[in-house]
>>> print(open('coords.csv').read())   # CSV, C-alpha atoms and all ligand atoms
chain,number,residue,atom,x,y,z
A,160,MET,CA,-10.1,-38.3,-60.4
A,161,ASN,CA,-6.8,-37.0,-59.0
A,162,ALA,CA,-5.7,-37.2,-55.4
A,163,PRO,CA,-6.7,-34.1,-53.5
A,164,ILE,CA,-4.4,-31.1,-53.3
A,165,ARG,CA,-4.2,-28.8,-50.3
A,166,VAL,CA,-5.1,-25.2,-50.8
A,167,ALA,CA,-4.4,-22.9,-47.9
A,168,VAL,CA,-6.4,-19.6,-47.9
A,169,THR,CA,-5.9,-16.8,-45.3
A,170,GLY,CA,-8.5,-14.3,-44.4
A,171,ALA,CA,-11.0,-17.0,-44.9
A,172,ALA,CA,-13.9,-15.3,-43.0
A,173,GLY,CA,-13.4,-12.1,-45.0
A,174,GLN,CA,-15.4,-10.7,-47.8
A,175,ILE,CA,-13.2,-11.8,-50.7
A,176,CYS,CA,-13.2,-15.4,-49.4
A,177,TYR,CA,-17.0,-15.4,-49.1
A,178,SER,CA,-17.0,-15.7,-52.9
A,179,LEU,CA,-13.6,-17.2,-53.6
A,180,LEU,CA,-13.9,-20.3,-51.4
A,181,PHE,CA,-17.1,-21.5,-53.0
A,182,ARG,CA,-15.6,-21.1,-56.5
A,183,ILE,CA,-12.5,-23.1,-55.5
A,184,ALA,CA,-14.6,-25.8,-54.1
A,185,ALA,CA,-16.7,-25.8,-57.2
A,186,GLY,CA,-13.6,-26.7,-59.3
A,187,GLU,CA,-13.2,-23.3,-61.0
A,188,MET,CA,-9.6,-22.9,-59.9
A,189,PHE,CA,-8.1,-26.3,-60.4
A,190,GLY,CA,-10.6,-27.9,-62.8
A,191,PRO,CA,-13.3,-30.6,-62.7
A,192,ASP,CA,-11.0,-33.5,-61.9
A,193,GLN,CA,-9.1,-32.0,-59.0
A,194,PRO,CA,-10.5,-32.5,-55.5
A,195,VAL,CA,-9.3,-30.0,-52.9
A,196,ILE,CA,-8.7,-29.9,-49.1
A,197,LEU,CA,-9.3,-26.3,-48.0
A,198,GLN,CA,-7.1,-25.2,-45.2
A,199,LEU,CA,-8.7,-22.0,-43.9
A,200,LEU,CA,-6.7,-19.6,-41.7
A,201,GLU,CA,-8.1,-16.8,-39.7
A,202,ILE,CA,-6.9,-14.6,-36.8
A,203,PRO,CA,-7.1,-16.0,-33.2
A,204,VAL,CA,-10.2,-13.9,-32.4
A,205,GLU,CA,-13.4,-15.5,-31.3
A,206,LYS,CA,-15.6,-13.4,-33.7
A,207,ALA,CA,-13.4,-14.3,-36.7
A,208,MET,CA,-13.2,-18.0,-35.9
A,209,LYS,CA,-17.0,-18.1,-35.3
A,210,ALA,CA,-17.6,-16.5,-38.7
A,211,LEU,CA,-15.2,-19.0,-40.3
A,212,GLU,CA,-17.2,-21.8,-38.8
A,213,GLY,CA,-20.3,-20.3,-40.5
A,214,VAL,CA,-18.5,-20.1,-43.8
A,215,ALA,CA,-17.5,-23.8,-43.5
A,216,MET,CA,-21.1,-24.7,-42.6
A,217,GLU,CA,-22.2,-23.1,-45.9
A,218,LEU,CA,-19.5,-24.8,-47.8
A,219,ASP,CA,-20.7,-28.1,-46.4
A,220,ASP,CA,-24.3,-27.2,-47.4
A,221,CYS,CA,-23.2,-26.9,-51.0
A,222,ALA,CA,-22.3,-30.6,-51.1
A,223,PHE,CA,-19.5,-29.9,-53.6
A,224,PRO,CA,-18.2,-33.2,-55.0
A,225,LEU,CA,-14.7,-31.8,-55.3
A,226,LEU,CA,-14.4,-30.6,-51.7
A,227,ASP,CA,-12.6,-33.4,-49.9
A,228,SER,CA,-12.4,-31.8,-46.5
A,229,MET,CA,-11.6,-28.6,-44.6
A,230,VAL,CA,-9.2,-27.5,-41.9
A,231,LEU,CA,-10.2,-24.5,-39.8
A,232,THR,CA,-7.5,-22.9,-37.8
A,233,ASP,CA,-6.0,-19.7,-36.4
A,234,ASP,CA,-2.4,-21.3,-36.4
A,235,PRO,CA,-0.4,-20.6,-39.5
A,236,ASN,CA,1.7,-23.7,-38.9
A,237,VAL,CA,-1.5,-25.8,-39.2
A,238,GLY,CA,-3.0,-23.7,-42.0
A,239,PHE,CA,0.1,-24.0,-44.3
A,240,LYS,CA,0.9,-27.6,-43.4
A,241,ASP,CA,1.7,-29.5,-46.7
A,242,ALA,CA,-0.1,-26.8,-48.7
A,243,ASN,CA,0.4,-27.0,-52.5
A,244,TRP,CA,-1.1,-23.6,-53.1
A,245,CYS,CA,-1.1,-20.8,-50.5
A,246,CYS,CA,-3.6,-17.9,-51.3
A,247,LEU,CA,-2.7,-15.0,-49.0
A,248,VAL,CA,-5.8,-12.9,-48.9
A,249,GLY,CA,-5.9,-12.0,-45.1
A,250,SER,CA,-5.0,-8.5,-44.3
A,251,LYS,CA,-6.7,-5.2,-43.7
A,252,PRO,CA,-8.5,-3.6,-46.7
A,253,ARG,CA,-8.3,0.2,-47.1
A,254,GLY,CA,-11.4,2.3,-46.4
A,255,PRO,CA,-12.8,5.4,-48.1
A,256,GLY,CA,-10.1,8.1,-48.4
A,257,MET,CA,-7.1,5.8,-47.6
A,258,GLU,CA,-4.2,5.2,-50.0
A,259,ARG,CA,-2.5,1.8,-50.2
A,260,ALA,CA,0.6,3.4,-48.6
A,261,ASP,CA,-1.4,3.7,-45.4
A,262,LEU,CA,-1.6,-0.1,-45.2
A,263,LEU,CA,2.1,-0.8,-45.8
A,264,LYS,CA,3.4,-1.1,-42.3
A,265,ASP,CA,0.3,-2.6,-40.7
A,266,ASN,CA,-0.2,-5.4,-43.3
A,267,GLY,CA,3.5,-5.9,-44.0
A,268,LYS,CA,4.0,-7.5,-40.6
A,269,ILE,CA,1.5,-10.3,-41.3
A,270,PHE,CA,3.7,-11.5,-44.2
A,271,ILE,CA,6.8,-11.9,-42.1
A,272,GLY,CA,5.1,-14.6,-40.0
A,273,GLN,CA,3.3,-16.1,-42.9
A,274,GLY,CA,6.5,-16.3,-45.0
A,275,LYS,CA,8.2,-18.2,-42.2
A,276,ALA,CA,5.3,-20.5,-41.6
A,277,ILE,CA,5.1,-21.3,-45.3
A,278,ASP,CA,8.9,-22.0,-45.3
A,279,GLU,CA,8.5,-24.4,-42.4
A,280,ASN,CA,5.3,-26.2,-43.4
A,281,ALA,CA,4.2,-26.0,-47.0
A,282,ALA,CA,4.6,-28.8,-49.5
A,283,ASP,CA,7.9,-28.9,-51.5
A,284,ASN,CA,6.0,-27.9,-54.7
A,285,ALA,CA,4.1,-25.0,-53.0
A,286,ARG,CA,3.1,-21.9,-54.9
A,287,VAL,CA,2.0,-18.7,-53.3
A,288,ALA,CA,-0.4,-16.0,-54.6
A,289,VAL,CA,-0.7,-12.8,-52.6
A,290,VAL,CA,-3.9,-10.7,-52.7
A,291,GLY,CA,-3.7,-8.7,-49.4
A,292,ASN,CA,-2.7,-5.1,-50.0
A,293,PRO,CA,-0.2,-3.7,-50.8
A,294,ALA,CA,0.0,-6.9,-52.6
A,295,ASN,CA,3.4,-6.5,-54.5
A,296,THR,CA,5.3,-5.4,-51.4
A,297,ASN,CA,3.6,-7.9,-49.1
A,298,CYS,CA,4.7,-10.6,-51.5
A,299,MET,CA,8.2,-9.4,-51.4
A,300,ILE,CA,8.2,-9.4,-47.6
A,301,GLY,CA,6.8,-12.9,-47.4
A,302,ALA,CA,9.2,-14.3,-50.0
A,303,SER,CA,12.2,-12.8,-48.2
A,304,HIS,CA,11.3,-14.9,-45.1
A,305,CYS,CA,10.9,-18.1,-47.1
A,306,LYS,CA,14.0,-19.7,-48.4
A,307,ARG,CA,12.7,-23.2,-49.3
A,308,ILE,CA,9.8,-22.0,-51.4
A,309,THR,CA,12.0,-19.8,-53.6
A,310,ALA,CA,11.1,-16.3,-54.8
A,311,GLU,CA,9.9,-17.2,-58.3
A,312,ARG,CA,7.2,-19.3,-56.7
A,313,TRP,CA,5.8,-16.2,-55.0
A,314,SER,CA,3.4,-14.1,-57.1
A,315,ALA,CA,1.1,-11.2,-56.4
A,316,MET,CA,-2.2,-10.5,-58.1
A,317,VAL,CA,-2.5,-7.8,-60.8
A,318,ARG,CA,-5.1,-9.8,-62.7
A,319,LEU,CA,-8.0,-7.7,-61.4
A,320,ASP,CA,-6.3,-4.8,-63.1
A,321,GLN,CA,-5.9,-6.7,-66.3
A,322,ASN,CA,-9.6,-7.7,-66.3
A,323,ARG,CA,-10.6,-4.1,-65.5
A,324,ALA,CA,-8.5,-2.8,-68.4
A,325,GLN,CA,-9.9,-5.5,-70.8
A,326,THR,CA,-13.5,-4.4,-70.0
A,327,GLN,CA,-12.7,-0.6,-70.3
A,328,LEU,CA,-11.2,-1.2,-73.8
A,329,ALA,CA,-14.1,-3.4,-74.9
A,330,GLN,CA,-16.6,-0.8,-73.7
A,331,LYS,CA,-14.8,2.1,-75.4
A,332,ALA,CA,-14.7,0.1,-78.7
A,333,GLY,CA,-18.3,-1.1,-78.3
A,334,VAL,CA,-17.3,-4.8,-78.5
A,335,GLY,CA,-17.5,-7.8,-76.2
A,336,THR,CA,-14.6,-8.4,-73.8
A,337,ALA,CA,-13.6,-11.6,-75.7
A,338,ALA,CA,-12.6,-9.3,-78.6
A,339,VAL,CA,-9.9,-7.7,-76.5
A,340,GLU,CA,-6.5,-9.5,-76.2
A,341,ASP,CA,-3.0,-8.9,-75.1
A,342,ILE,CA,-3.7,-6.3,-72.5
A,343,TYR,CA,-1.1,-6.6,-69.8
A,344,ILE,CA,-0.4,-4.7,-66.5
A,345,PHE,CA,3.1,-3.5,-65.7
A,346,GLY,CA,4.2,-2.6,-62.2
A,347,ASN,CA,2.4,-2.0,-58.9
A,348,HIS,CA,-1.2,-2.9,-58.0
A,349,SER,CA,-1.8,0.8,-57.3
A,350,PRO,CA,-2.8,3.9,-59.3
A,351,THR,CA,0.7,4.0,-60.8
A,352,MET,CA,0.2,0.7,-62.6
A,353,PHE,CA,0.6,0.8,-66.4
A,354,PRO,CA,-2.1,-1.0,-68.5
A,355,ALA,CA,0.0,-1.3,-71.7
A,356,PHE,CA,-2.7,-0.4,-74.2
A,357,GLY,CA,0.0,-0.1,-77.0
A,358,LEU,CA,0.2,-3.9,-77.0
A,359,ALA,CA,-3.5,-4.7,-76.9
A,360,LYS,CA,-5.5,-6.0,-79.8
A,361,ILE,CA,-9.2,-5.6,-80.5
A,362,ASN,CA,-10.6,-8.1,-83.0
A,363,GLY,CA,-7.0,-8.8,-84.0
A,364,GLN,CA,-6.2,-5.1,-84.8
A,365,PRO,CA,-4.1,-2.7,-82.7
A,366,ALA,CA,-6.3,-1.2,-79.9
A,367,THR,CA,-4.6,2.1,-80.6
A,368,SER,CA,-6.0,2.1,-84.2
A,369,VAL,CA,-9.4,0.8,-83.3
A,370,ILE,CA,-9.9,3.4,-80.5
A,371,ASN,CA,-7.8,6.0,-82.3
A,372,ASP,CA,-7.8,8.4,-79.4
A,373,ASP,CA,-4.4,8.7,-77.7
A,374,ALA,CA,-5.6,11.4,-75.3
A,375,TYR,CA,-8.2,8.9,-74.0
A,376,LEU,CA,-5.8,6.0,-73.8
A,377,GLN,CA,-3.0,7.9,-72.1
A,378,GLY,CA,-5.4,9.8,-69.8
A,379,GLU,CA,-8.9,8.6,-68.9
A,380,PHE,CA,-8.2,4.9,-69.7
A,381,CYS,CA,-5.1,4.6,-67.5
A,382,SER,CA,-6.6,6.6,-64.7
A,383,THR,CA,-9.9,4.7,-64.7
A,384,VAL,CA,-8.1,1.4,-64.5
A,385,GLY,CA,-5.6,2.6,-61.9
A,386,LYS,CA,-8.3,4.2,-59.6
A,387,ARG,CA,-10.9,1.6,-60.1
A,388,GLY,CA,-10.4,0.1,-56.6
A,389,ALA,CA,-11.0,3.6,-55.0
A,390,ALA,CA,-14.1,4.0,-57.2
A,391,ILE,CA,-15.5,0.7,-55.9
A,392,ILE,CA,-14.8,1.7,-52.3
A,393,ALA,CA,-16.5,5.0,-52.8
A,394,ALA,CA,-19.6,3.3,-54.3
A,395,ARG,CA,-19.8,0.2,-52.1
A,396,GLY,CA,-18.3,1.6,-48.9
A,397,LEU,CA,-16.2,-1.6,-49.0
A,398,SER,CA,-13.4,-2.7,-51.2
A,399,SER,CA,-13.9,-5.0,-54.2
A,400,ALA,CA,-14.6,-8.5,-53.2
A,401,ALA,CA,-16.3,-10.7,-55.8
A,402,SER,CA,-14.2,-9.3,-58.6
A,403,ALA,CA,-11.0,-9.8,-56.6
A,404,GLY,CA,-12.0,-13.4,-55.8
A,405,ASN,CA,-12.7,-13.9,-59.5
A,406,ALA,CA,-9.3,-12.5,-60.5
A,407,LEU,CA,-7.6,-14.9,-58.1
A,408,ILE,CA,-9.4,-17.8,-59.8
A,409,ASP,CA,-8.1,-16.5,-63.1
A,410,HIS,CA,-4.5,-15.9,-61.7
A,411,VAL,CA,-4.1,-19.4,-60.2
A,412,ARG,CA,-5.9,-21.2,-63.0
A,413,ASP,CA,-3.8,-19.5,-65.7
A,414,LEU,CA,-0.6,-20.1,-63.7
A,415,SER,CA,-1.6,-23.8,-63.7
A,416,THR,CA,-2.4,-23.9,-67.4
A,417,PRO,CA,0.6,-24.2,-69.8
A,418,GLY,CA,0.5,-21.8,-72.7
A,419,LYS,CA,-1.5,-19.1,-71.0
A,420,ILE,CA,-0.1,-15.5,-71.3
A,421,HIS,CA,-1.4,-13.2,-68.5
A,422,SER,CA,-0.3,-10.5,-66.1
A,423,VAL,CA,1.3,-11.6,-62.8
A,424,ALA,CA,3.4,-9.7,-60.4
A,425,VAL,CA,6.6,-11.6,-60.1
A,426,LYS,CA,10.2,-10.9,-58.9
A,427,SER,CA,11.2,-8.6,-61.7
A,428,GLU,CA,14.9,-9.7,-62.1
A,429,GLY,CA,15.3,-6.4,-64.0
A,430,HIS,CA,12.8,-7.1,-66.8
A,431,TYR,CA,11.6,-3.9,-68.6
A,432,GLY,CA,13.9,-1.9,-66.4
A,433,PHE,CA,12.2,-2.7,-63.0
A,434,HIS,CA,14.4,-2.9,-60.0
A,435,PRO,CA,15.5,-6.6,-59.9
A,436,ASP,CA,14.3,-7.2,-56.3
A,437,VAL,CA,10.7,-5.8,-56.5
A,438,TRP,CA,7.6,-7.7,-57.5
A,439,ALA,CA,6.3,-6.0,-60.6
A,440,GLY,CA,3.3,-6.8,-62.8
A,441,LEU,CA,4.6,-8.3,-66.0
A,442,PRO,CA,3.2,-10.4,-68.9
A,443,VAL,CA,4.2,-14.1,-68.3
A,444,LYS,CA,3.7,-17.3,-70.2
A,445,THR,CA,2.9,-20.3,-68.2
A,446,THR,CA,5.3,-23.1,-69.3
A,447,ALA,CA,4.3,-25.9,-66.9
A,448,PRO,CA,1.9,-26.0,-64.0
A,449,GLY,CA,3.1,-23.3,-61.6
A,450,GLU,CA,6.0,-22.3,-63.8
A,451,TYR,CA,6.3,-19.4,-66.2
A,452,GLU,CA,8.7,-17.2,-68.2
A,453,VAL,CA,8.4,-13.5,-68.5
A,454,ILE,CA,7.5,-12.3,-72.1
A,455,GLU,CA,10.5,-10.3,-73.1
A,456,GLY,CA,11.2,-7.8,-75.8
A,457,LEU,CA,7.7,-6.2,-76.1
A,458,GLU,CA,8.1,-2.8,-77.7
A,459,MET,CA,7.5,0.2,-75.4
A,460,ASP,CA,7.2,3.8,-76.7
A,461,ASP,CA,8.4,6.8,-74.7
A,462,PHE,CA,5.0,7.2,-72.9
A,463,ALA,CA,5.1,3.5,-71.8
A,464,LYS,CA,8.7,3.8,-70.7
A,465,SER,CA,7.8,6.9,-68.5
A,466,LYS,CA,4.8,5.1,-67.0
A,467,ILE,CA,6.9,2.0,-66.2
A,468,ALA,CA,9.6,4.2,-64.6
A,469,ALA,CA,7.0,5.9,-62.4
A,470,THR,CA,5.5,2.6,-61.1
A,471,ASN,CA,9.0,1.2,-60.6
A,472,ASP,CA,9.9,4.3,-58.5
A,473,GLU,CA,6.8,3.6,-56.3
A,474,LEU,CA,7.8,-0.1,-55.9
A,475,VAL,CA,11.3,0.9,-55.0
A,476,SER,CA,10.1,3.5,-52.4
A,477,GLU,CA,7.7,0.9,-50.9
A,478,ARG,CA,10.7,-1.5,-50.6
A,479,GLU,CA,12.7,1.2,-48.8
A,480,THR,CA,9.7,1.9,-46.4
A,481,VAL,CA,9.6,-1.8,-45.4
A,482,ALA,CA,13.4,-2.4,-45.5
A,483,GLU,CA,13.5,-3.4,-41.8
A,484,MET,CA,10.8,-6.1,-42.5
A,485,LEU,CA,12.7,-7.9,-45.1
A,486,GLY,CA,14.4,-11.2,-44.2
B,501,LIG,N1,-4.7,-7.4,-55.1
B,501,LIG,C1,-6.0,-7.1,-55.4
B,501,LIG,O1,-6.3,-6.9,-56.6
B,501,LIG,C2,-7.0,-6.9,-54.3
B,501,LIG,C3,-8.3,-6.7,-54.6
B,501,LIG,C4,-9.3,-6.5,-53.6
B,501,LIG,C5,-8.8,-6.5,-52.2
B,501,LIG,N2,-7.5,-6.7,-52.0
B,501,LIG,C6,-7.0,-6.8,-50.6
B,501,LIG,O2,-7.4,-8.1,-50.0
B,501,LIG,C7,-7.4,-8.0,-48.6
B,501,LIG,C8,-8.6,-8.7,-48.0
B,501,LIG,O3,-9.8,-8.0,-48.4
B,501,LIG,P1,-11.2,-8.4,-47.9
B,501,LIG,O4,-12.2,-7.5,-48.5
B,501,LIG,O5,-11.4,-9.8,-47.9
B,501,LIG,O6,-11.0,-7.9,-46.4
B,501,LIG,P2,-11.9,-8.4,-45.1
B,501,LIG,O7,-11.5,-7.4,-44.0
B,501,LIG,O8,-13.3,-8.6,-45.4
B,501,LIG,O9,-11.2,-9.8,-44.7
B,501,LIG,C9,-9.9,-9.9,-44.4
B,501,LIG,C10,-9.9,-11.1,-43.4
B,501,LIG,O10,-8.5,-11.4,-43.2
B,501,LIG,C11,-8.4,-11.8,-41.8
B,501,LIG,N3,-7.0,-11.6,-41.4
B,501,LIG,C12,-6.4,-10.5,-41.0
B,501,LIG,N4,-5.1,-10.8,-40.7
B,501,LIG,C13,-5.0,-12.1,-40.9
B,501,LIG,C14,-3.9,-13.0,-40.6
B,501,LIG,N5,-2.7,-12.6,-40.2
B,501,LIG,N6,-4.1,-14.3,-40.9
B,501,LIG,C15,-5.3,-14.8,-41.4
B,501,LIG,N7,-6.3,-14.0,-41.6
B,501,LIG,C16,-6.2,-12.7,-41.3
B,501,LIG,C17,-9.4,-10.9,-41.1
B,501,LIG,O11,-9.8,-11.4,-39.8
B,501,LIG,C18,-10.5,-10.8,-42.1
B,501,LIG,O12,-11.5,-11.9,-41.8
B,501,LIG,C19,-7.3,-6.5,-48.3
B,501,LIG,O13,-5.9,-6.2,-48.0
B,501,LIG,C20,-7.7,-5.8,-49.6
B,501,LIG,O14,-7.2,-4.5,-49.7
B,501,LIG,C21,-6.6,-6.9,-52.9
B,502,LIG,O1,-8.2,-0.7,-54.1
B,502,LIG,C1,-8.3,-1.3,-53.1
B,502,LIG,O2,-7.9,-0.9,-52.0
B,502,LIG,C2,-8.9,-2.7,-53.2
B,502,LIG,C3,-8.3,-3.5,-54.3
B,502,LIG,O3,-6.9,-3.5,-54.3
B,502,LIG,C4,-8.8,-3.1,-55.6
B,502,LIG,O4,-8.1,-2.8,-56.5
B,502,LIG,O5,-10.1,-3.1,-55.8
>>> encode(input="coords.csv", output="structure tokens", more="lines below")
Ligand SMILES: NC(=O)c1ccc[n+]([C@@H]2O[C@H](COP(=O)([O-])OP(=O)(O)OC[C@H]3O[C@@H](n4cnc5c(N)ncnc54)[C@H](O)[C@@H]3O)[C@@H](O)[C@H]2O)c1
Ligand SMILES: O=C(O)C[C@H](O)C(=O)O
Amino acid sequence: MNAPIRVAVTGAAGQICYSLLFRIAAGEMFGPDQPVILQLLEIPVEKAMKALEGVAMELDDCAFPLLDSMVLTDDPNVGFKDANWCCLVGSKPRGPGMERADLLKDNGKIFIGQGKAIDENAADNARVAVVGNPANTNCMIGASHCKRITAERWSAMVRLDQNRAQTQLAQKAGVGTAAVEDIYIFGNHSPTMFPAFGLAKINGQPATSVINDDAYLQGEFCSTVGKRGAAIIAARGLSSAASAGNALIDHVRDLSTPGKIHSVAVKSEGHYGFHPDVWAGLPVKTTAPGEYEVIEGLEMDDFAKSKIAATNDELVSERETVAEMLG
């Protein structure tokens, strides 16, 4: 058994964490030989801290062998102390009828303070995954205030979109999800994202030949994946939670597993024509635990290029909107 690692999770009394924390403690994120110390951060409000105590009681009641201990706090300096992984979930979700842009300024502020607290407190090998929306831009804000844990160690989650796209292709082709490979998300975690169906394979064959319906792929497929978050909010009255927690398990596990190729929003550095300073969903290959390289040179047709240009424009305009929040 390895020595425990410290996993800081914000928004720990919220709905995503109500499924996420139990799965981390069960070993699904870091594997069956890796004990964890959960450092759970909430806001300094009695109701939130009381709810967090309840969640911790339930975690205790699971008697997870891999759960070494827990820290419950409303102080980011305590929450991120020596953390090896920082999962930034805490922020306001959108409600029915809201667009992600409505959250930009409100939630962006949170990531200024958390970026600084991670800079001052996290372990030298820390990695950060941002879930709180608008995730790409929040990640950019946090990273800009954190000089010690450098930008390439800050990622935002587009894995939920990848998983959604995989299922949509599988259902359209009438196969199981395991038959669908190489579906990657480019750009923003928003309706402008581009699920690059032209690269996908179904049972080893190009998805475009198996489905053989360009109008569906360019139209309904892209819009179903892009607007799936809104569809869940309309149906549930609340934003996706268990599927978001599941996607974060996949995101961190695959970033910790050399050889995995998966979609992650990372600092673009200009790949595929994205503005170099925005965090864009891109296909990456994990090269060592917590390290990755962007898969370069994938072929994009004119449709794909126009979709990538549109999602890049949105990321650039979000960057302009929060310019005064960047460190
Ligand atoms: N990237 C994605 O794919 C994806 C998917 C689903 C949801 N989300 C986003 O995740 C976020 C959380 O969603 P949820 O459903 O768990 O929301 P929620 O409202 O149920 O929980 C959020 C929790 O965060 C806490 N919080 C707020 N500010 C905080 C701070 N500064 N520090 C610590 N905790 C703080 C709140 O008190 C609350 O308990 C939302 O922004 C939502 O839009 C992202
Ligand atoms: O869409 C939302 O606001 C929630 C989340 O980002 C999602 O994609 O389900």
>>> residues_near_ligand(input="coords.csv", ligand="ligand LIG 501 (chain B)", cutoff="7 Å", atoms="all atoms listed in the file", output="ChimeraX atom specification")
/A:169-176,200-202,207,248-253,269,290-294,316-320,348,398-400,403
>>> closest_residue(input="coords.csv", among="A:Val453, A:Leu328, A:Leu358, A:Ala393", to="ligand LIG 502 (chain B)", atoms="all atoms listed in the file")
A:Ala393
>>> atom_distance(input="coords.csv", atom1="CA of Leu231 (chain A)", atom2="CA of Asp278 (chain A)")
20.0 Å
>>> atom_distance(input="coords.csv", atom1="CA of Glu452 (chain A)", atom2="CA of Thr326 (chain A)")
25.7 Å
>>> residues_around(input="coords.csv", residues="Glu258 (chain A)", least_positions_apart="4", cutoff="10 Å", atoms="only C-alpha atoms", output="PyMOL selection string")
chain A and resi 253-254+262-263+293+349-350+389
>>> closest_atom_pairs(input="coords.csv", of="region 224-342 of chain A", to="region 471-482 of chain A", cutoff="9 Å", atoms="only C-alpha atoms", output="JSON lines")
{"residue": "A:Ala260", "atom": "CA", "partner": "A:Glu477", "partner_atom": "CA", "distance": 7.9}
{"residue": "A:Leu263", "atom": "CA", "partner": "A:Val481", "partner_atom": "CA", "distance": 7.6}
{"residue": "A:Lys264", "atom": "CA", "partner": "A:Val481", "partner_atom": "CA", "distance": 7.0}
{"residue": "A:Gly267", "atom": "CA", "partner": "A:Val481", "partner_atom": "CA", "distance": 7.5}
{"residue": "A:Asn295", "atom": "CA", "partner": "A:Leu474", "partner_atom": "CA", "distance": 7.9}
{"residue": "A:Thr296", "atom": "CA", "partner": "A:Arg478", "partner_atom": "CA", "distance": 6.7}
{"residue": "A:Met299", "atom": "CA", "partner": "A:Arg478", "partner_atom": "CA", "distance": 8.3}
{"residue": "A:Ile300", "atom": "CA", "partner": "A:Val481", "partner_atom": "CA", "distance": 8.0}
>>> residues_near_point(input="coords.csv", point="(13.2, -20.6, -41.6)", cutoff="12 Å", atoms="all atoms listed in the file", output="list in words")
Ile271, Gly272, Gln273, Gly274, Lys275, Ala276, Ile277, Asp278, Glu279, Asn280, Ala281, Gly301, Ala302, Ser303, His304, Cys305, Lys306, Arg307, Ile308 and Gly486 of chain A
>>> atom_distance(input="coords.csv", atom1="CA of Pro235 (chain A)", atom2="CA of Val166 (chain A)")
13.1 Å
>>> closest_residue(input="coords.csv", among="A:Val204, A:Leu218, A:Met352, A:Ile342", to="ligand LIG 502 (chain B)", atoms="only C-alpha atoms and all ligand atoms")
A:Met352
>>> residues_around(input="coords.csv", residues="Leu180 (chain A)", least_positions_apart="3", cutoff="12 Å", atoms="all atoms listed in the file", output="MDAnalysis selection string")
chainID A and resid 166:177 183:188 195:199 211 214:215 217:219 221 223 226 229 246 248 400:401 404:405 407:408
>>> residues_around(input="coords.csv", residues="Gln327 (chain A)", least_positions_apart="3", cutoff="12 Å", atoms="all atoms listed in the file", output="number ranges by chain")
A: 320-324, 330-336, 339, 342, 354, 356, 361, 366, 370, 375-376, 379-385, 387
>>> write_last_selection(input="coords.csv", atoms="C-alpha atoms", output="compact mmCIF listing (two decimals), in the coordinates of the input")
# COMPACT_ATOMS: atom_id res chain seq x y z
CA ASP A 320 -6.30 -4.80 -63.10
CA GLN A 321 -5.90 -6.70 -66.30
CA ASN A 322 -9.60 -7.70 -66.30
CA ARG A 323 -10.60 -4.10 -65.50
CA ALA A 324 -8.50 -2.80 -68.40
CA GLN A 330 -16.60 -0.80 -73.70
CA LYS A 331 -14.80 2.10 -75.40
CA ALA A 332 -14.70 0.10 -78.70
CA GLY A 333 -18.30 -1.10 -78.30
CA VAL A 334 -17.30 -4.80 -78.50
CA GLY A 335 -17.50 -7.80 -76.20
CA THR A 336 -14.60 -8.40 -73.80
CA VAL A 339 -9.90 -7.70 -76.50
CA ILE A 342 -3.70 -6.30 -72.50
CA PRO A 354 -2.10 -1.00 -68.50
CA PHE A 356 -2.70 -0.40 -74.20
CA ILE A 361 -9.20 -5.60 -80.50
CA ALA A 366 -6.30 -1.20 -79.90
CA ILE A 370 -9.90 3.40 -80.50
CA TYR A 375 -8.20 8.90 -74.00
CA LEU A 376 -5.80 6.00 -73.80
CA GLU A 379 -8.90 8.60 -68.90
CA PHE A 380 -8.20 4.90 -69.70
CA CYS A 381 -5.10 4.60 -67.50
CA SER A 382 -6.60 6.60 -64.70
CA THR A 383 -9.90 4.70 -64.70
CA VAL A 384 -8.10 1.40 -64.50
CA GLY A 385 -5.60 2.60 -61.90
CA ARG A 387 -10.90 1.60 -60.10
>>> closest_residue(input="coords.csv", among="A:Lys360, A:Lys464, A:Lys386, A:Lys419", to="ligand LIG 502 (chain B)", atoms="only C-alpha atoms and all ligand atoms")
A:Lys386
>>> closest_atom_pairs(input="coords.csv", of="region 345-395 of chain A", to="region 436-447 of chain A", cutoff="7 Å", atoms="all atoms listed in the file", output="tab-separated table")
residue	atom	partner	partner_atom	distance
A:Phe345	CA	A:Gly440	CA	4.4
A:Gly346	CA	A:Ala439	CA	4.3
A:Asn347	CA	A:Ala439	CA	5.8
>>> closest_residue(input="coords.csv", among="A:Trp313, A:Lys426, A:Lys206, A:Pro255", to="Ile392 (chain A)", atoms="only C-alpha atoms")
A:Pro255
>>> residues_near_point(input="coords.csv", point="(-12.6, -37.2, -56.9)", cutoff="10 Å", atoms="all atoms listed in the file", output="count of residues only")
13
>>> closest_residue(input="coords.csv", among="A:Val369, A:Leu247, A:Ala374, A:Ala242", to="Asn284 (chain A)", atoms="only C-alpha atoms")
A:Ala242
>>> residues_around(input="coords.csv", residues="Ala282 (chain A)", least_positions_apart="4", cutoff="9 Å", atoms="all atoms listed in the file", output="PyMOL selection string")
chain A and resi 165+239-244+277+286+308
>>> closest_residue(input="coords.csv", among="A:Cys245, A:Val289, A:Val237, A:Ile391", to="ligand LIG 502 (chain B)", atoms="only C-alpha atoms and all ligand atoms")
A:Ile391
>>> residues_around(input="coords.csv", residues="Pro448 (chain A)", least_positions_apart="4", cutoff="7 Å", atoms="all atoms listed in the file", output="number ranges by chain")
A: 414-417
